[in-house]
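*Asks:* Got a structure for you, questions after.
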Amino acid sequence: MAHEHHPHAPHDHDHHADPAWKHDGVRVIPGNQLDGNVPSTPGMDRKAAINFARVGAQKLWAGTVTIHPDAKTGAHHHGPLESVIYVVRGRARMRWGEQLEFTAEAGPGDFIYVPPYVPHQEINASPTEALECVLCRSDGQAVAVNLDIEPVEKPDQVLWVDPTHPTGGV
């Protein structure tokens with residue numbers, strides 16, 4: 001079939017000559033160049049790979065998180081943000097619900113989806129092995145609302161630290 005020029009899609013410019021795309025097109029972020037200067041939570045090491053500051057991402061945040069053995073967060077949610085967690089190494093236990101009454105575990109190769117506003121707690125289910133994950137969020141804003149829930153698994157009084165709660169929010 002001959003290539004037809006669609007009348008409503010004028011194509012008189014040459015994308016290959018678009019100089020902006022050379023530097024503002026596809027970006028590779030080497031794993032050893034992630035930005036550790038991101039909000040941290042005790043027992044968790046976060047590093048940003050994809051965000052607005054680094055690559056101009058408008059609707060995504062992506063990076064890595066390492067949760068120390070036996071570490072767990074307090075109960076929190078991320079407002080309107082959706083989160084996807086991919087487990088690279090270790091054993092993740094998630095608790096969620098109004099009283100964190102639901103639980104599920106995930107291992108290497110598994111994906112975890114956290115919907116907006118769902119109260120949850122992230123737990124490293126292993127007492128000896130670090131939990132290494134890739135984390136993607138649907139917005140560049142670090143939204144974390146700490147909740148006053150009596151969790152099934154009590155955290156070691158960990159407050160979520162982010163730009164809106166620089167000293168830890170409750």
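Following the order of the structure tokens, chains are lettered A, B, ..., residues in each are numbered from 1, and ligands are numbered from 1.
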Could you give me, as a tab-separated table (two decimals) with all heavy atoms, in the first residue's frame, the residues within 9 Å of region 49-62 of chain A, counting only C-alpha atoms and dropping anything in the same chain fewer than 2 positions from it?
*Replies:*
```tsv
chain	number	residue	atom	x	y	z
A	24	ASP	N	16.98	16.80	24.54
A	24	ASP	CA	15.71	16.73	25.27
A	24	ASP	C	14.85	15.57	24.82
A	24	ASP	O	13.66	15.54	25.07
A	24	ASP	CB	14.93	18.05	25.09
A	24	ASP	CG	15.67	19.22	25.70
A	24	ASP	OD1	16.42	19.00	26.66
A	24	ASP	OD2	15.48	20.35	25.21
A	27	ARG	N	16.33	9.91	27.31
A	27	ARG	CA	17.42	10.09	28.28
A	27	ARG	C	17.73	8.76	28.95
A	27	ARG	O	16.82	8.03	29.34
A	27	ARG	CB	17.00	11.09	29.37
A	27	ARG	CG	16.64	12.46	28.86
A	27	ARG	CD	17.85	13.31	28.53
A	27	ARG	NE	18.61	13.61	29.73
A	27	ARG	CZ	18.35	14.64	30.55
A	27	ARG	NH1	17.34	15.42	30.31
A	27	ARG	NH2	19.11	14.85	31.61
A	29	ILE	N	19.54	7.29	32.26
A	29	ILE	CA	20.05	7.68	33.57
A	29	ILE	C	20.84	6.49	34.13
A	29	ILE	O	20.24	5.51	34.57
A	29	ILE	CB	18.91	8.04	34.55
A	29	ILE	CG1	17.87	8.94	33.90
A	29	ILE	CG2	19.47	8.63	35.83
A	29	ILE	CD1	18.39	10.27	33.43
A	30	PRO	N	22.16	6.56	34.11
A	30	PRO	CA	22.95	5.42	34.60
A	30	PRO	C	22.64	5.12	36.06
A	30	PRO	O	22.43	6.04	36.86
A	30	PRO	CB	24.40	5.89	34.44
A	30	PRO	CG	24.34	6.97	33.38
A	30	PRO	CD	23.01	7.63	33.59
A	31	GLY	N	22.61	3.84	36.38
A	31	GLY	CA	22.26	3.42	37.73
A	31	GLY	C	23.18	3.96	38.80
A	31	GLY	O	22.79	4.10	39.96
A	33	GLN	N	24.31	6.94	38.82
A	33	GLN	CA	24.20	8.40	38.86
A	33	GLN	C	22.84	8.85	39.37
A	33	GLN	O	22.36	9.93	39.05
A	33	GLN	CB	24.45	8.99	37.46
A	33	GLN	CG	25.88	8.81	36.98
A	33	GLN	CD	26.09	9.34	35.58
A	33	GLN	OE1	25.36	10.21	35.11
A	33	GLN	NE2	27.09	8.81	34.90
A	34	LEU	N	22.20	8.01	40.20
A	34	LEU	CA	20.93	8.40	40.77
A	34	LEU	C	21.16	9.46	41.85
A	34	LEU	O	22.25	9.56	42.41
A	34	LEU	CB	20.19	7.19	41.36
A	34	LEU	CG	19.96	6.01	40.41
A	34	LEU	CD1	19.04	5.00	41.05
A	34	LEU	CD2	19.41	6.49	39.08
A	35	ASP	N	20.13	10.25	42.11
A	35	ASP	CA	20.23	11.37	43.04
A	35	ASP	C	19.73	10.96	44.42
A	35	ASP	O	18.54	10.76	44.63
A	35	ASP	CB	19.41	12.54	42.49
A	35	ASP	CG	19.52	13.77	43.37
A	35	ASP	OD1	20.27	13.74	44.38
A	35	ASP	OD2	18.86	14.78	43.06
A	47	LYS	N	16.52	6.95	46.11
A	47	LYS	CA	17.32	7.66	45.11
A	47	LYS	C	16.44	7.95	43.91
A	47	LYS	O	15.73	7.06	43.43
A	47	LYS	CB	18.53	6.83	44.69
A	47	LYS	CG	19.58	6.68	45.78
A	47	LYS	CD	20.78	5.92	45.27
A	47	LYS	CE	21.84	5.82	46.36
A	47	LYS	NZ	22.96	4.95	45.95
A	64	THR	N	14.80	4.43	43.06
A	64	THR	CA	14.99	3.20	43.81
A	64	THR	C	14.75	3.46	45.29
A	64	THR	O	14.91	4.58	45.77
A	64	THR	CB	16.41	2.64	43.62
A	64	THR	OG1	17.35	3.62	44.08
A	64	THR	CG2	16.68	2.31	42.16
A	134	VAL	N	12.27	-0.83	42.87
A	134	VAL	CA	12.14	0.32	41.98
A	134	VAL	C	10.76	0.89	42.23
A	134	VAL	O	9.77	0.16	42.31
A	134	VAL	CB	12.30	-0.09	40.51
A	134	VAL	CG1	12.00	1.09	39.59
A	134	VAL	CG2	13.69	-0.63	40.26
A	135	LEU	N	10.68	2.20	42.38
A	135	LEU	CA	9.43	2.87	42.72
A	135	LEU	C	9.07	3.89	41.64
A	135	LEU	O	9.93	4.67	41.23
A	135	LEU	CB	9.59	3.57	44.07
A	135	LEU	CG	8.48	4.51	44.53
A	135	LEU	CD1	7.17	3.78	44.68
A	135	LEU	CD2	8.87	5.17	45.85
A	136	CYS	N	7.83	3.83	41.17
A	136	CYS	CA	7.33	4.83	40.22
A	136	CYS	C	6.07	5.45	40.79
A	136	CYS	O	5.19	4.74	41.30
A	136	CYS	CB	6.99	4.19	38.87
A	136	CYS	SG	8.41	3.44	38.07
A	137	ARG	N	5.98	6.78	40.71
A	137	ARG	CA	4.78	7.47	41.17
A	137	ARG	C	4.23	8.32	40.03
A	137	ARG	O	4.96	8.76	39.15
A	137	ARG	CB	5.09	8.37	42.37
A	137	ARG	CG	5.44	7.55	43.59
A	137	ARG	CD	4.99	8.23	44.86
A	137	ARG	NE	5.36	7.42	46.02
A	137	ARG	CZ	6.36	7.74	46.83
A	137	ARG	NH1	7.06	8.84	46.63
A	137	ARG	NH2	6.64	6.97	47.85
A	138	SER	N	2.91	8.59	40.10
A	138	SER	CA	2.23	9.25	39.00
A	138	SER	C	2.35	10.77	39.04
A	138	SER	O	1.69	11.47	38.29
A	138	SER	CB	0.74	8.87	39.00
A	138	SER	OG	0.14	9.28	40.21
A	139	ASP	N	3.20	11.29	39.91
A	139	ASP	CA	3.43	12.74	39.95
A	139	ASP	C	4.80	12.98	40.54
A	139	ASP	O	5.31	12.17	41.30
A	139	ASP	CB	2.37	13.43	40.80
A	139	ASP	CG	2.32	14.94	40.56
A	139	ASP	OD1	3.34	15.60	40.80
A	139	ASP	OD2	1.27	15.44	40.14
A	140	GLY	N	5.40	14.09	40.19
A	140	GLY	CA	6.71	14.42	40.72
A	140	GLY	C	6.66	14.93	42.14
A	140	GLY	O	7.67	14.99	42.82
A	141	GLN	N	5.48	15.32	42.59
A	141	GLN	CA	5.36	15.84	43.95
A	141	GLN	C	5.48	14.70	44.95
A	141	GLN	O	4.89	13.65	44.78
A	141	GLN	CB	3.99	16.51	44.15
A	141	GLN	CG	3.75	17.68	43.21
A	141	GLN	CD	4.77	18.77	43.41
A	141	GLN	OE1	5.09	19.16	44.52
A	141	GLN	NE2	5.30	19.28	42.31
A	142	ALA	N	6.26	14.92	45.99
A	142	ALA	CA	6.38	13.91	47.05
A	142	ALA	C	5.25	14.15	48.04
A	142	ALA	O	5.35	15.00	48.92
A	142	ALA	CB	7.73	14.02	47.74
```
*Asks:* Can you pull out every residue within 6 Å of Ala75 (chain A), counting only C-alpha atoms, but drop anything in the same chain fewer than 2 positions away, and send it as number ranges by chain?
*Replies:* A: 120-121, 147
*Asks:* Those same residues - C-alpha atoms - I'd like them written as a compact mmCIF listing (two decimals), in the first residue's frame.
*Replies:*
```
# COMPACT_ATOMS: atom_id res chain seq x y z
CA HIS A 120 -0.65 1.44 53.87
CA GLN A 121 2.55 0.36 55.55
CA LEU A 147 -1.88 8.60 59.53
```
*Asks:* Grab the CA of Thr66 (chain A) to CA of Gly90 (chain A) distance for me, in Å with one decimal place.
*Replies:*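 The value is 9.7 Å.
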*Asks:* For Met44 (chain A), work out the shell of residues within 9 Å, counting only C-alpha atoms and skipping chain neighbours fewer than 5 positions away, then give it as a ChimeraX atom specification.
*Replies:* /A:65-68,71-73
*Asks:* With distances taken over only C-alpha atoms, which residue among A:Val88, A:Lys22, A:Cys133, A:Asp148 lies nearest Gly63 (chain A)?
*Replies:*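 Checking each of A:Val88, A:Lys22, A:Cys133, A:Asp148 against Gly63 (chain A), counting only C-alpha atoms, the winner is A:Cys133.
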*Asks:* From the list A:Arg93, A:Val87, A:Ile123, A:Pro19, which residue is nearest Gly107 (chain A) when using only C-alpha atoms?
*Replies:* A:Val87
*Asks:* Counting only C-alpha atoms, figure out which residue out of A:Gly25, A:Pro39, A:Pro127, A:Pro115 gets nearest to His78 (chain A).
*Replies:*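 Of the candidates, the smallest distance to His78 (chain A) is held by A:Pro115.
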*Asks:* What is the CA of Tyr113 (chain A)-CA of Val84 (chain A) distance in Å, reported with one decimal?
*Replies:*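 Going from CA of Tyr113 (chain A) over to CA of Val84 (chain A) covers 4.7 Å.
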*Asks:* Counting only C-alpha atoms, what is within 9 Å of Ile112 (chain A), bar same-chain residues fewer than 5 positions away, as a list in words?
*Replies:*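 Once the adjacent positions are removed, what remains is Ser83, Val84, Ile85, Tyr86, Val87, Met94 and Ala106 of chain A.
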